[in-house]
$ cat input_29.txt   # compact mmCIF, C-alpha atoms
# COMPACT_ATOMS: atom_id res chain seq x y z
CA MET S 1 85.06 80.82 -8.07
CA GLY S 2 85.83 77.28 -6.82
CA ASP S 3 85.44 76.93 -3.07
CA LEU S 4 85.75 80.66 -2.42
CA ILE S 5 83.26 82.23 -0.04
CA SER S 6 82.54 85.94 -0.58
CA ILE S 7 81.58 88.08 2.42
CA LEU S 8 80.34 91.67 2.11
CA ALA S 9 80.93 93.54 5.39
CA VAL S 10 79.07 96.86 5.58
CA GLY S 11 79.91 99.79 7.86
CA ASP S 12 77.67 101.28 10.56
CA ILE S 13 74.26 102.09 9.08
CA VAL S 14 73.04 105.52 10.22
CA GLY S 15 69.33 106.32 10.40
CA ARG S 16 66.80 106.33 7.59
CA PRO S 17 69.28 107.58 4.95
CA GLY S 18 71.54 104.64 5.77
CA ARG S 19 68.69 102.13 5.65
CA ARG S 20 67.54 103.44 2.29
CA ALA S 21 71.06 103.37 0.90
CA ALA S 22 71.44 99.80 2.15
CA ALA S 23 68.19 98.80 0.45
CA GLU S 24 69.45 100.29 -2.81
CA MET S 25 73.03 99.04 -2.76
CA ILE S 26 73.05 95.64 -1.11
CA PRO S 27 70.90 93.70 -3.63
CA ARG S 28 73.00 95.23 -6.41
CA LEU S 29 76.32 94.34 -4.76
CA ARG S 30 75.15 90.81 -3.97
CA ARG S 31 74.64 90.29 -7.71
CA GLU S 32 77.67 92.18 -9.01
CA LEU S 33 80.17 90.73 -6.52
CA ASP S 34 78.64 87.24 -6.31
CA VAL S 35 78.30 87.62 -2.54
CA ASP S 36 77.43 84.62 -0.37
CA MET S 37 76.78 86.50 2.89
CA VAL S 38 76.21 90.11 3.98
CA VAL S 39 77.00 91.37 7.47
CA ALA S 40 76.35 94.96 8.55
CA ASN S 41 76.63 96.90 11.79
CA GLY S 42 73.18 98.24 12.66
CA GLU S 43 73.51 99.83 16.09
CA ASN S 44 72.77 103.33 14.71
CA ALA S 45 70.20 102.33 12.09
CA SER S 46 67.10 103.74 13.84
CA GLY S 47 67.14 107.50 14.31
CA GLY S 48 70.92 107.38 14.61
CA PHE S 49 70.83 105.63 17.99
CA GLY S 50 70.00 101.96 18.45
CA LEU S 51 68.03 99.54 16.30
CA SER S 52 64.27 99.11 16.32
CA LEU S 53 62.52 95.89 15.37
CA SER S 54 61.07 97.51 12.26
CA GLY S 55 64.52 98.84 11.35
CA ALA S 56 66.00 95.37 11.73
CA ARG S 57 63.32 93.88 9.47
CA GLU S 58 64.02 96.58 6.90
CA LEU S 59 67.71 95.66 6.86
CA PHE S 60 66.99 91.93 6.59
CA ASN S 61 64.64 92.66 3.68
CA ALA S 62 67.47 94.60 2.02
CA GLY S 63 69.53 91.41 1.92
CA ILE S 64 71.57 91.59 5.13
CA ASP S 65 72.02 88.16 6.69
CA VAL S 66 73.48 89.11 10.10
CA ILE S 67 73.46 92.44 11.95
CA THR S 68 76.26 93.22 14.38
CA SER S 69 76.22 96.04 16.92
CA GLY S 70 78.02 97.71 19.82
CA ASN S 71 77.41 100.00 22.77
CA HIS S 72 74.29 101.61 21.20
CA ILE S 73 72.37 98.35 20.78
CA TRP S 74 70.58 99.09 24.08
CA ASP S 75 69.24 102.50 22.95
CA GLN S 76 66.00 101.10 21.48
CA LYS S 77 64.49 99.03 24.27
CA GLU S 78 62.11 97.05 22.07
CA ILE S 79 64.97 95.16 20.42
CA ILE S 80 66.34 93.75 23.68
CA GLY S 81 63.67 91.09 24.10
CA ALA S 82 64.18 89.91 20.52
CA LEU S 83 67.95 89.57 20.59
CA ASP S 84 67.78 85.85 21.37
CA GLU S 85 65.47 85.19 18.42
CA ILE S 86 66.74 87.17 15.42
CA PRO S 87 70.20 87.30 13.79
CA VAL S 88 71.26 90.49 15.57
CA LEU S 89 74.42 90.23 17.68
CA ARG S 90 75.41 92.25 20.71
CA PRO S 91 79.06 92.30 21.83
CA MET S 92 79.86 88.97 23.46
CA ASN S 93 82.05 90.53 26.17
CA TYR S 94 79.07 91.90 28.10
CA PRO S 95 78.72 90.07 31.45
CA PRO S 96 76.97 86.69 31.71
CA GLY S 97 73.20 87.04 31.85
CA THR S 98 73.08 90.02 29.46
CA PRO S 99 70.24 89.54 26.92
CA GLY S 100 71.18 88.41 23.45
CA ARG S 101 74.13 86.54 22.03
CA GLY S 102 77.59 87.53 20.89
CA TYR S 103 78.08 85.02 18.10
CA LEU S 104 76.09 82.79 15.79
CA VAL S 105 76.58 80.32 12.95
CA HIS S 106 75.11 81.15 9.54
CA ASP S 107 74.39 78.31 7.11
CA LEU S 108 75.51 78.83 3.50
CA GLY S 109 74.04 75.57 2.27
CA GLY S 110 76.46 73.77 -0.05
CA LYS S 111 79.30 76.09 0.96
CA GLY S 112 79.05 75.12 4.62
CA ALA S 113 78.59 77.22 7.72
CA VAL S 114 80.18 80.50 8.78
CA ALA S 115 80.63 81.57 12.41
CA ILE S 116 80.54 85.28 13.23
CA GLY S 117 81.43 86.91 16.54
CA ASN S 118 80.98 90.48 17.78
CA VAL S 119 83.08 92.11 20.53
CA GLN S 120 83.41 95.62 21.92
CA GLY S 121 86.69 97.36 22.69
CA LEU S 122 87.68 98.90 26.01
CA VAL S 123 89.80 101.94 25.04
CA PHE S 124 87.62 105.11 25.32
CA MET S 125 84.56 102.81 25.56
CA PRO S 126 82.29 101.64 28.41
CA SER S 127 84.11 99.31 30.78
CA ILE S 128 83.00 95.70 30.26
CA ASP S 129 84.79 92.34 30.08
CA SER S 130 87.94 91.77 28.01
CA PRO S 131 87.28 91.36 24.28
CA PHE S 132 90.42 89.21 24.04
CA ARG S 133 89.15 86.71 26.61
CA ALA S 134 85.77 86.75 24.88
CA MET S 135 87.52 85.84 21.63
CA ASP S 136 89.16 82.87 23.37
CA ASP S 137 85.67 81.63 24.23
CA PHE S 138 84.49 82.24 20.64
CA LEU S 139 87.39 80.23 19.22
CA LYS S 140 86.61 77.30 21.53
CA ALA S 141 82.88 77.39 20.82
CA THR S 142 83.39 77.47 17.03
CA ALA S 143 86.45 75.20 16.78
CA ASP S 144 84.72 73.04 14.17
CA LYS S 145 84.14 75.97 11.77
CA ARG S 146 86.79 76.80 9.16
CA VAL S 147 85.38 80.22 8.25
CA ARG S 148 85.05 82.65 11.15
CA LEU S 149 84.34 86.38 11.02
CA VAL S 150 84.85 88.98 13.75
CA ASP S 151 83.45 92.52 14.16
CA ILE S 152 85.38 94.46 16.82
CA HIS S 153 83.37 97.55 17.70
CA ALA S 154 86.01 99.88 19.11
CA GLU S 155 87.30 103.44 19.15
CA ALA S 156 91.06 102.92 19.06
CA THR S 157 92.71 101.66 15.88
CA SER S 158 95.52 100.26 18.04
CA GLU S 159 93.08 97.99 19.88
CA LYS S 160 91.55 96.81 16.61
CA GLN S 161 94.96 96.11 15.11
CA ALA S 162 96.06 94.27 18.25
CA MET S 163 92.96 92.09 18.03
CA ALA S 164 93.72 91.30 14.39
CA HIS S 165 97.22 90.12 15.28
CA TYR S 166 95.87 88.16 18.25
CA LEU S 167 93.50 86.31 15.92
CA ASP S 168 95.75 86.06 12.86
CA GLY S 169 95.63 82.54 11.52
CA LYS S 170 92.73 81.65 13.83
CA VAL S 171 89.87 83.45 12.04
CA SER S 172 89.22 84.40 8.42
CA VAL S 173 88.65 88.13 8.84
CA VAL S 174 88.61 90.84 11.51
CA TRP S 175 87.02 94.18 10.74
CA GLY S 176 86.51 97.24 12.91
CA THR S 177 83.39 99.34 13.34
CA HIS S 178 82.24 102.28 15.50
CA THR S 179 84.15 105.35 14.27
CA HIS S 180 82.08 105.73 11.06
CA THR S 181 85.31 106.73 9.28
CA PRO S 182 86.72 104.25 6.74
CA THR S 183 90.38 103.27 6.90
CA ALA S 184 92.70 102.38 4.04
CA ASP S 185 94.69 99.66 5.83
CA ASN S 186 92.81 96.67 4.42
CA ARG S 187 95.21 93.75 3.98
CA VAL S 188 95.69 90.03 4.53
CA LEU S 189 98.00 89.33 7.48
CA ALA S 190 100.80 86.76 7.49
CA GLY S 191 98.64 84.01 9.00
CA GLY S 192 95.86 84.40 6.41
CA THR S 193 93.46 86.66 8.32
CA ALA S 194 92.03 89.63 6.40
CA PHE S 195 91.80 92.90 8.33
CA VAL S 196 90.63 96.50 8.11
CA SER S 197 90.66 98.90 11.09
CA ASP S 198 87.25 100.41 10.29
CA LEU S 199 84.66 99.69 7.63
CA GLY S 200 83.26 103.23 7.82
CA MET S 201 79.54 103.91 7.61
CA VAL S 202 76.43 104.03 5.49
CA GLY S 203 75.31 107.55 6.36
CA PRO S 204 75.20 111.22 5.30
CA GLN S 205 78.60 112.21 3.96
CA ASP S 206 78.38 115.89 4.84
CA GLY S 207 77.48 115.39 8.50
CA VAL S 208 79.73 114.68 11.45
CA ILE S 209 79.97 110.87 11.53
CA GLY S 210 76.55 110.88 9.90
CA MET S 211 74.91 113.41 12.24
CA ASP S 212 73.76 116.95 11.50
CA PRO S 213 76.90 119.15 11.79
CA GLU S 214 75.26 122.04 13.66
CA SER S 215 74.42 120.03 16.78
CA SER S 216 77.91 118.55 16.78
CA LEU S 217 79.50 121.98 16.46
CA GLN S 218 77.45 123.38 19.33
CA ARG S 219 78.56 120.55 21.56
CA PHE S 220 82.22 121.17 20.78
CA LEU S 221 81.94 124.96 21.01
CA THR S 222 79.89 125.19 24.20
CA GLY S 223 80.44 121.89 26.02
CA ILE S 224 76.68 121.68 26.51
CA PRO S 225 75.07 118.33 25.61
CA GLN S 226 73.06 118.52 22.41
CA ARG S 227 70.40 116.29 20.90
CA PHE S 228 71.98 114.87 17.77
CA LYS S 229 69.97 114.49 14.58
CA VAL S 230 70.78 112.34 11.56
CA GLY S 231 72.30 114.45 8.78
CA LYS S 232 70.98 115.03 5.28
CA GLY S 233 72.30 114.90 1.75
CA ARG S 234 74.24 112.30 -0.16
CA VAL S 235 75.05 109.06 1.61
CA THR S 236 78.43 107.37 1.64
CA PHE S 237 78.28 103.58 1.46
CA ASN S 238 81.43 102.04 2.96
CA SER S 239 82.13 98.30 2.92
CA VAL S 240 84.67 95.62 2.11
CA VAL S 241 84.35 92.35 0.23
CA VAL S 242 86.47 89.47 1.48
CA ARG S 243 87.20 86.31 -0.50
CA ILE S 244 87.85 83.32 1.75
CA SER S 245 88.88 79.74 0.97
CA GLY S 246 86.14 77.44 2.17
CA THR S 247 88.72 74.66 2.48
CA SER S 248 91.39 76.39 4.58
CA GLY S 249 89.38 79.25 6.07
CA GLN S 250 92.15 81.65 5.06
CA ALA S 251 91.38 84.93 3.34
CA GLU S 252 92.65 85.35 -0.20
CA SER S 253 91.78 89.03 -0.62
CA ILE S 254 90.06 92.02 0.98
CA GLU S 255 88.90 94.95 -1.14
CA ARG S 256 87.21 98.23 -0.24
CA ILE S 257 83.81 98.83 -1.88
CA ASP S 258 82.80 102.48 -1.47
CA HIS S 259 79.98 104.38 -3.18
CA LEU S 260 78.29 107.78 -2.88
CA ILE S 261 74.55 107.85 -3.58
CA ASP S 262 71.52 110.14 -3.32
CA VAL S 263 68.67 109.17 -1.00
CA SER S 264 65.61 110.84 0.52
CA PRO S 265 65.89 113.18 3.56
CA ALA S 266 66.71 111.88 7.03
CA ASP S 267 64.40 110.83 9.90
$ encode --input "input_29.txt" --output "structure tokens"
Amino acid sequence: MGDLISILAVGDIVGRPGRRAAAEMIPRLRRELDVDMVVANGENASGGFGLSLSGARELFNAGIDVITSGNHIWDQKEIIGALDEIPVLRPMNYPPGTPGRGYLVHDLGGKGAVAIGNVQGLVFMPSIDSPFRAMDDFLKATADKRVRLVDIHAEATSEKQAMAHYLDGKVSVVWGTHTHTPTADNRVLAGGTAFVSDLGMVGPQDGVIGMDPESSLQRFLTGIPQRFKVGKGRVTFNSVVVRISGTSGQAESIERIDHLIDVSPAD
């Protein structure tokens, strides 16, 4: 493989079914794909909303190196005090003074260090600081790193695509999270940055973005808020593997890795 660095980026993990699927698939994919680093979005990993400390430990034990997040990272209060200590990112475009960190550097030993940043979009999302300005800060702070990864947690594909073009040639890969629906637009842009609008999810396939369909239907049919529950049944495992030159920091390929597996019932 020469100086290639292989990154497995895993879509939003949803509840206990998602955690169990991650525990089953990630060690296997690390071996089969010769993966150097695994990043997964975990903001829905505990009960479908937020991330608990025990849920984070479970994901780290499954072989995930860094957990990214988004607007739901605040749903499980116990994680907030630990965000400065464990490799769990919150979007870096929250205002100064917000607990946690929006980027970190992960050491790959002989293959060097990889910087990863996490931002949240603004379109149809809570109003916070500009993710584009936050990326300017990320680029300055990690200027000495050749390999840089970005998770943009956003609703609109247009915003994710705009971010990819903004960062093309400046980072190794930009992937989108949040919608739980995988996209087929994975490609390497002209400047050498790999991109996909949305990784998808690790969650029940027959739900509504991983949630039980009945509660979602009632919300759409009646307009009355419903308490969502994690769905049941087979779990879709959505991810991409990106091969990056450790010398140039440019991506050489990005490939979808999707599986459908059986796990135990939901939370």
$ residues_around --input "input_29.txt" --residues "range 81-84 of chain S" --least-positions-apart "6" --cutoff "12 Å" --atoms "all atoms listed in the file" --output "PyMOL selection string"
chain S and resi 51-54+56-57+66-69+73-74+90-91+97-104
$ closest_residue --input "input_29.txt" --among "S:Met135, S:Leu217, S:Ile152, S:Leu108" --to "Val123 in chain S" --atoms "only C-alpha atoms"
S:Ile152
$ residues_near_point --input "input_29.txt" --point "(89.2, 77.9, 2.0)" --cutoff "10 Å" --atoms "all atoms listed in the file" --output "mmCIF file with C-alpha atoms, in the frame of the given file"
data_model
loop_
_atom_site.group_PDB
_atom_site.id
_atom_site.type_symbol
_atom_site.label_atom_id
_atom_site.label_comp_id
_atom_site.auth_asym_id
_atom_site.auth_seq_id
_atom_site.Cartn_x
_atom_site.Cartn_y
_atom_site.Cartn_z
ATOM 1 C CA GLY S 2 85.830 77.280 -6.820
ATOM 2 C CA ASP S 3 85.440 76.930 -3.070
ATOM 3 C CA LEU S 4 85.750 80.660 -2.420
ATOM 4 C CA ILE S 5 83.260 82.230 -0.040
ATOM 5 C CA ARG S 146 86.790 76.800 9.160
ATOM 6 C CA VAL S 147 85.380 80.220 8.250
ATOM 7 C CA SER S 172 89.220 84.400 8.420
ATOM 8 C CA ARG S 243 87.200 86.310 -0.500
ATOM 9 C CA ILE S 244 87.850 83.320 1.750
ATOM 10 C CA SER S 245 88.880 79.740 0.970
ATOM 11 C CA GLY S 246 86.140 77.440 2.170
ATOM 12 C CA THR S 247 88.720 74.660 2.480
ATOM 13 C CA SER S 248 91.390 76.390 4.580
ATOM 14 C CA GLY S 249 89.380 79.250 6.070
ATOM 15 C CA GLN S 250 92.150 81.650 5.060
ATOM 16 C CA ALA S 251 91.380 84.930 3.340
ATOM 17 C CA GLU S 252 92.650 85.350 -0.200
#
$ axis_aligned_box --input "input_29.txt" --around "range 138-148 of chain S" --padding-each-side "3 Å" --output "lines of an AutoDock Vina configuration file"
center_x = 85.1
center_y = 77.8
center_z = 14.9
size_x = 10.5
size_y = 15.6
size_z = 19.3
$ atom_distance --input "input_29.txt" --atom1 "CA of Pro213 in chain S" --atom2 "CA of Ile26 in chain S"
27.1 Å
$ closest_residue --input "input_29.txt" --among "S:Ala62, S:Val235, S:Met25, S:Ile116" --to "Leu139 in chain S" --atoms "all atoms listed in the file"
S:Ile116
$ residues_around --input "input_29.txt" --residues "range 17-21 of chain S" --least-positions-apart "3" --cutoff "10 Å" --atoms "all atoms listed in the file" --output "PyMOL selection string"
chain S and resi 11-14+24-26+42+44-48+55-56+58-59+62+201-204+210+230-237+259-267
$ closest_residue --input "input_29.txt" --among "S:Gly112, S:Gly50, S:Gly63, S:Pro95" --to "Val35 in chain S" --atoms "only C-alpha atoms"
S:Gly63
$ closest_residue --input "input_29.txt" --among "S:Leu149, S:Val188, S:Ala162, S:His72" --to "Met125 in chain S" --atoms "only C-alpha atoms"
S:His72
$ closest_residue --input "input_29.txt" --among "S:Asp212, S:Arg227, S:Ala115, S:Val240" --to "Thr142 in chain S" --atoms "all atoms listed in the file"
S:Ala115
$ closest_residue --input "input_29.txt" --among "S:Ser215, S:Asn71, S:Thr181, S:Ser239" --to "Asn118 in chain S" --atoms "all atoms listed in the file"
S:Asn71
$ residues_around --input "input_29.txt" --residues "Ala134 in chain S" --least-positions-apart "3" --cutoff "9 Å" --atoms "all atoms listed in the file" --output "MDAnalysis selection string"
chainID S and resid 92:93 119 129:131 137:139
$ atom_distance --input "input_29.txt" --atom1 "CA of Val173 in chain S" --atom2 "CA of Arg133 in chain S"
17.8 Å
$ residues_around --input "input_29.txt" --residues "range 196-200 of chain S" --least-positions-apart "3" --cutoff "6 Å" --atoms "all atoms listed in the file" --output "PyMOL selection string"
chain S and resi 11+157+160+175-177+180-183+185-186+238-239
$ atom_distance --input "input_29.txt" --atom1 "CA of Ile257 in chain S" --atom2 "CA of Ala22 in chain S"
13.0 Å
